[in-house]
Amino acid sequence: MPALTDLIEAGRPAEHHAPWRRAVVAPKVWNLAVEQLAGGRWSLLGLWGEPDRVHMALLDEAREIGVISLDCRGGRYPSVGQYHPPALRLERAAADLFGLAPQGLPDTRRWLDHGQWGISHPLAARPGGPAAGSSYRFLAAEGDSLHQIAVGPVHAGIIEPGHFRFTASGETVVRLEERLGYVHKGIEGLMAGAPVDRAARLAGRTSGDSTVAYSLAFARAVEAALGVTPPPRAMWLRALMAELERLANHLGDIGAICNDAAFALMHAHCGVLRERVLRAADAAFGHRLMRDRVVPGGVTGDLGEAGTSAIRSLVAEIRQRFPHLVELYDNTASLQDRTVATGRLKVELARQYAAGGYVGRASGRDFDARRNAVYAPYDELAFDVPVLQEGDVNARVWIRVREVEQSLSLVEQMLGRLPAGSIRADIAAADNVADGPREGMALVEGFRGDILAWLRIGEGGLIERCHLRDPSWFQWPLLEAAIEGNIVADFPLCNKSFNCSYSGHDL
């Protein structure tokens with residue numbers, strides 16, 4: 001079996017691409033990589049386009065990471081999705097944005113483009129006129145006494161828009177098909193030609209609940225491209241913010257899942273703890289969500305004594321109150337009746353889709369970017385990555401519970417060992433690209449899973465191209481699989497246990 005390094009060495013290497021290698025390969029080599037994906041030996045970390053080229057980020061059996069690129073003559077290239085389904089929606093998105101045509105793609109329906117942009121293929125070298133408006137053709141399901149239920153895109157709550165088309169037999173879901181793209185913001189188009197500091201602010205707004213993780217992924221990609229190393233204190237402060245963000249989201253999710261099972265008491269108590277995290281973040285870093293605090297080169301503000309005290313008090317309170325909530329969850333029979341064996345995701349699917357975060361780890365996929373694509377300061381910290389095999393709603397709750405415990409430990413370790421010193425290095429982007437464009441890539445563990453950032457910095461230190469891949473790209477399709485065979489009334493419970501990002505997916 002070939003290794004990823006073999007394929008990269010067979011191609012034309014990109015001169016300035018860090019920290020992992022990238023090479024432009026021949027169609028034969030591209031197809032060989034697709035064979036490895038289809039055979040389950042490699043994992044797809046991302047697929048994105050440019051006007052005349054398509055890229056794939058890959059993880060091989062040895063956990064080596066690399067990027068292969070293929071020139072698209074006439075805007076065409078051999079489809080990955082026809083053999084490896086996780087690539088389907090990524091290829092449809094690249095077709096919408098760049099006009100690239102994957103040959104053999106089994107689903108050619110528009111994905112992000114709903115016919116409302118007033119332009120087609122907006123990121124292509126020559127964008128086209130407005131796309132012809134047409135109704136979206138949902139896939140048919142055959143059988144006796146089937147009926148359809150349309151939900152969304154507007155929902156009965158203050159949540160993001162997405163359409164869910166159920167085909168059911170009585171109360172049992174036979175098929176779920178999602179329609180996303182309603183919150184497409186044009187992030188990648190806005191980043192093209194932007195200075196690094198403006199692009200960093202855009203990255204932090206890709207998915208608001210993961211603003212620290214996105215800012216960190218973008219910053220690390222910029223630093224890799226320019227060969228900049230942030231001060232040690234800055235890297236530890238970034239990780240501290242990332243763990244606070246993880247705590248806030250996991251606590252909120254645990255409560256919300258219980259609320260969708262009609263157990264409002266857990267929702268209320270977890271909501272209080274989440275609020276405590278947000279207030280501690282505000283006290284420590286000046287913003288409840290810590291938005292725009294992580295920047296290329298470091299962080300924008302230091303942690304003082306008052307902030308340290310607020311975080312220590314937060315950890316003490318969660319350690320006191322959270323175990324009682326876990327016990328309450330575990331000992332409430334009516335709640336267990338709703339979560340155990342509901343919305344089960346098969347181990348094989350989680351592996352095929354390289355599902356990150358609690359979705360993958362609840363179904364046996366043992367991957368965490370903090371450990372498997374290690375970055376500072378996690379290489380100096382002790383933590384466990386919880387993994388379960390059951391793959392149901394209950395398992396996804398327990399993964400969050402264990403990760404709350406691990407994040408508390410990490411926060412304590414960071415506060416106890418936080419190095420002194422400066423908090424920001426000068427990136428001097430314009431000076432570093434005198435000998436040609438620089439490319440950088442990063443993989444960061446957000447609370448949902450691994451976030452990929454890839455970018456190219458060109459003349460004048462401006463962003464030529466940036467692609468951000470949310471973990472939800474590989475999780476949304478799995479929700480469709482997990483709900484099959486369950487009753488319609490359990491969909492909110494399954495949906496919240498996945499808690500995929502609409503905004504992060506829709507870009």
# chains A, B, ... in the order shown; residues from 1 in each chain; ligands from 1
$ residues_around --residues "region 256-265 of chain A" --least-positions-apart "2" --cutoff "10 Å" --atoms "only C-alpha atoms" --output "JSON, numbers by chain"
{"A": [250, 251, 252, 253, 254, 267, 268, 269, 270, 271, 325, 328, 329, 332, 334, 335, 336, 337, 338, 339, 393, 394, 396, 397, 489, 490, 491, 492, 493, 494, 495, 496, 497, 498, 499]}
$ residues_around --residues "Arg89 (chain A)" --least-positions-apart "3" --cutoff "10 Å" --atoms "only C-alpha atoms" --output "PyMOL selection string"
chain A and resi 47+81+85-86+92-95+107-112+473-474+477
$ write_last_selection --atoms "C-alpha atoms" --output "mmCIF file, in the first residue's frame"
data_model
loop_
_atom_site.group_PDB
_atom_site.id
_atom_site.type_symbol
_atom_site.label_atom_id
_atom_site.label_comp_id
_atom_site.auth_asym_id
_atom_site.auth_seq_id
_atom_site.Cartn_x
_atom_site.Cartn_y
_atom_site.Cartn_z
ATOM 1 C CA LEU A 47 -11.488 19.207 -0.231
ATOM 2 C CA GLY A 81 -17.398 11.617 -4.239
ATOM 3 C CA PRO A 85 -19.274 9.732 -0.236
ATOM 4 C CA PRO A 86 -17.797 12.123 2.398
ATOM 5 C CA ARG A 92 -20.898 20.297 -4.812
ATOM 6 C CA ALA A 93 -19.817 23.374 -2.852
ATOM 7 C CA ALA A 94 -16.665 23.790 -4.966
ATOM 8 C CA ALA A 95 -18.843 23.510 -8.083
ATOM 9 C CA ASP A 107 -25.232 14.225 -7.247
ATOM 10 C CA THR A 108 -24.907 17.414 -9.281
ATOM 11 C CA ARG A 109 -27.589 19.474 -7.520
ATOM 12 C CA ARG A 110 -26.472 22.894 -6.306
ATOM 13 C CA TRP A 111 -25.569 22.891 -2.629
ATOM 14 C CA LEU A 112 -24.658 26.344 -1.316
ATOM 15 C CA TRP A 473 -19.152 19.020 6.898
ATOM 16 C CA PHE A 474 -18.521 15.399 7.881
ATOM 17 C CA PRO A 477 -24.497 13.569 6.550
#
$ closest_residue --among "A:Glu275, A:Leu45, A:Leu408, A:Asn486" --to "Ser472 (chain A)" --atoms "only C-alpha atoms"
A:Leu45
$ residues_around --residues "Pro231 (chain A)" --least-positions-apart "2" --cutoff "6 Å" --atoms "only C-alpha atoms" --output "number ranges by chain"
A: 233-234, 423
$ write_last_selection --atoms "N, CA, C and O atoms" --output "JSON list (two decimals), in the first residue's frame"
[["chain", "number", "residue", "atom", "x", "y", "z"],
["A", 233, "ARG", "N", 3.98, 32.22, 26.20],
["A", 233, "ARG", "CA", 2.83, 32.65, 27.00],
["A", 233, "ARG", "C", 1.59, 32.81, 26.13],
["A", 233, "ARG", "O", 0.49, 32.44, 26.54],
["A", 234, "ALA", "N", 1.76, 33.32, 24.93],
["A", 234, "ALA", "CA", 0.63, 33.50, 24.02],
["A", 234, "ALA", "C", 0.01, 32.15, 23.66],
["A", 234, "ALA", "O", -1.22, 32.00, 23.61],
["A", 423, "ILE", "N", 3.29, 38.48, 24.79],
["A", 423, "ILE", "CA", 2.09, 37.77, 24.33],
["A", 423, "ILE", "C", 1.85, 37.90, 22.82],
["A", 423, "ILE", "O", 0.86, 37.39, 22.31]]
$ residues_around --residues "Asp52 (chain A)" --least-positions-apart "2" --cutoff "8 Å" --atoms "only C-alpha atoms" --output "list in words"
Gly49, Glu50, Val54, Asp71, Cys72, Arg73, Gly75 and Leu100 of chain A
$ residues_around --residues "Met414 (chain A)" --least-positions-apart "5" --cutoff "9 Å" --atoms "only C-alpha atoms" --output "number ranges by chain"
A: 236-237, 239-240, 377, 381, 409, 419
$ write_last_selection --atoms "N, CA and C atoms" --output "CSV table (one decimal), in the first residue's frame"
chain,number,residue,atom,x,y,z
A,236,TRP,N,0.0,29.4,25.4
A,236,TRP,CA,-0.7,28.9,26.6
A,236,TRP,C,-2.0,29.6,26.8
A,237,LEU,N,-2.0,30.9,26.6
A,237,LEU,CA,-3.3,31.7,26.8
A,237,LEU,C,-4.3,31.3,25.7
A,239,ALA,N,-4.6,28.3,24.3
A,239,ALA,CA,-5.2,27.0,24.7
A,239,ALA,C,-6.1,27.2,25.9
A,240,LEU,N,-5.8,28.1,26.8
A,240,LEU,CA,-6.7,28.4,27.9
A,240,LEU,C,-8.1,28.9,27.4
A,377,PRO,N,0.2,24.3,23.6
A,377,PRO,CA,1.1,23.6,24.5
A,377,PRO,C,0.6,22.2,24.9
A,381,LEU,N,1.0,18.9,28.2
A,381,LEU,CA,-0.1,18.8,29.1
A,381,LEU,C,-0.5,17.3,29.1
A,409,SER,N,-9.3,19.9,34.1
A,409,SER,CA,-7.9,19.5,34.4
A,409,SER,C,-6.9,20.3,33.6
A,419,PRO,N,3.6,30.3,31.4
A,419,PRO,CA,4.9,30.9,31.4
A,419,PRO,C,4.8,32.4,31.4
$ closest_residue --among "A:Ala26, A:Val299, A:Ile187, A:Leu314" --to "Leu278 (chain A)" --atoms "only C-alpha atoms"
A:Leu314
$ select_by_dssp --residues "region 396-492 of chain A" --states "helix (DSSP H, G or I)" --output "PyMOL selection string"
chain A and resi 396-417+429-432+459-461+471-474+476-483+488-492
$ residues_around --residues "region 142-144 of chain A" --least-positions-apart "4" --cutoff "10 Å" --atoms "only C-alpha atoms" --output "list in words"
Thr167, Ala168, Ser169 and Val174 of chain A
$ select_by_dssp --residues "region 204-302 of chain A" --states "strand (DSSP E)" --output "count of residues only"
4
$ closest_residue --among "A:His184, A:His84, A:Arg21, A:Arg279" --to "Tyr353 (chain A)" --atoms "only C-alpha atoms"
A:His84
$ closest_residue --among "A:Glu403, A:Asp96, A:Glu439, A:Glu317" --to "Gly227 (chain A)" --atoms "only C-alpha atoms"
A:Glu439
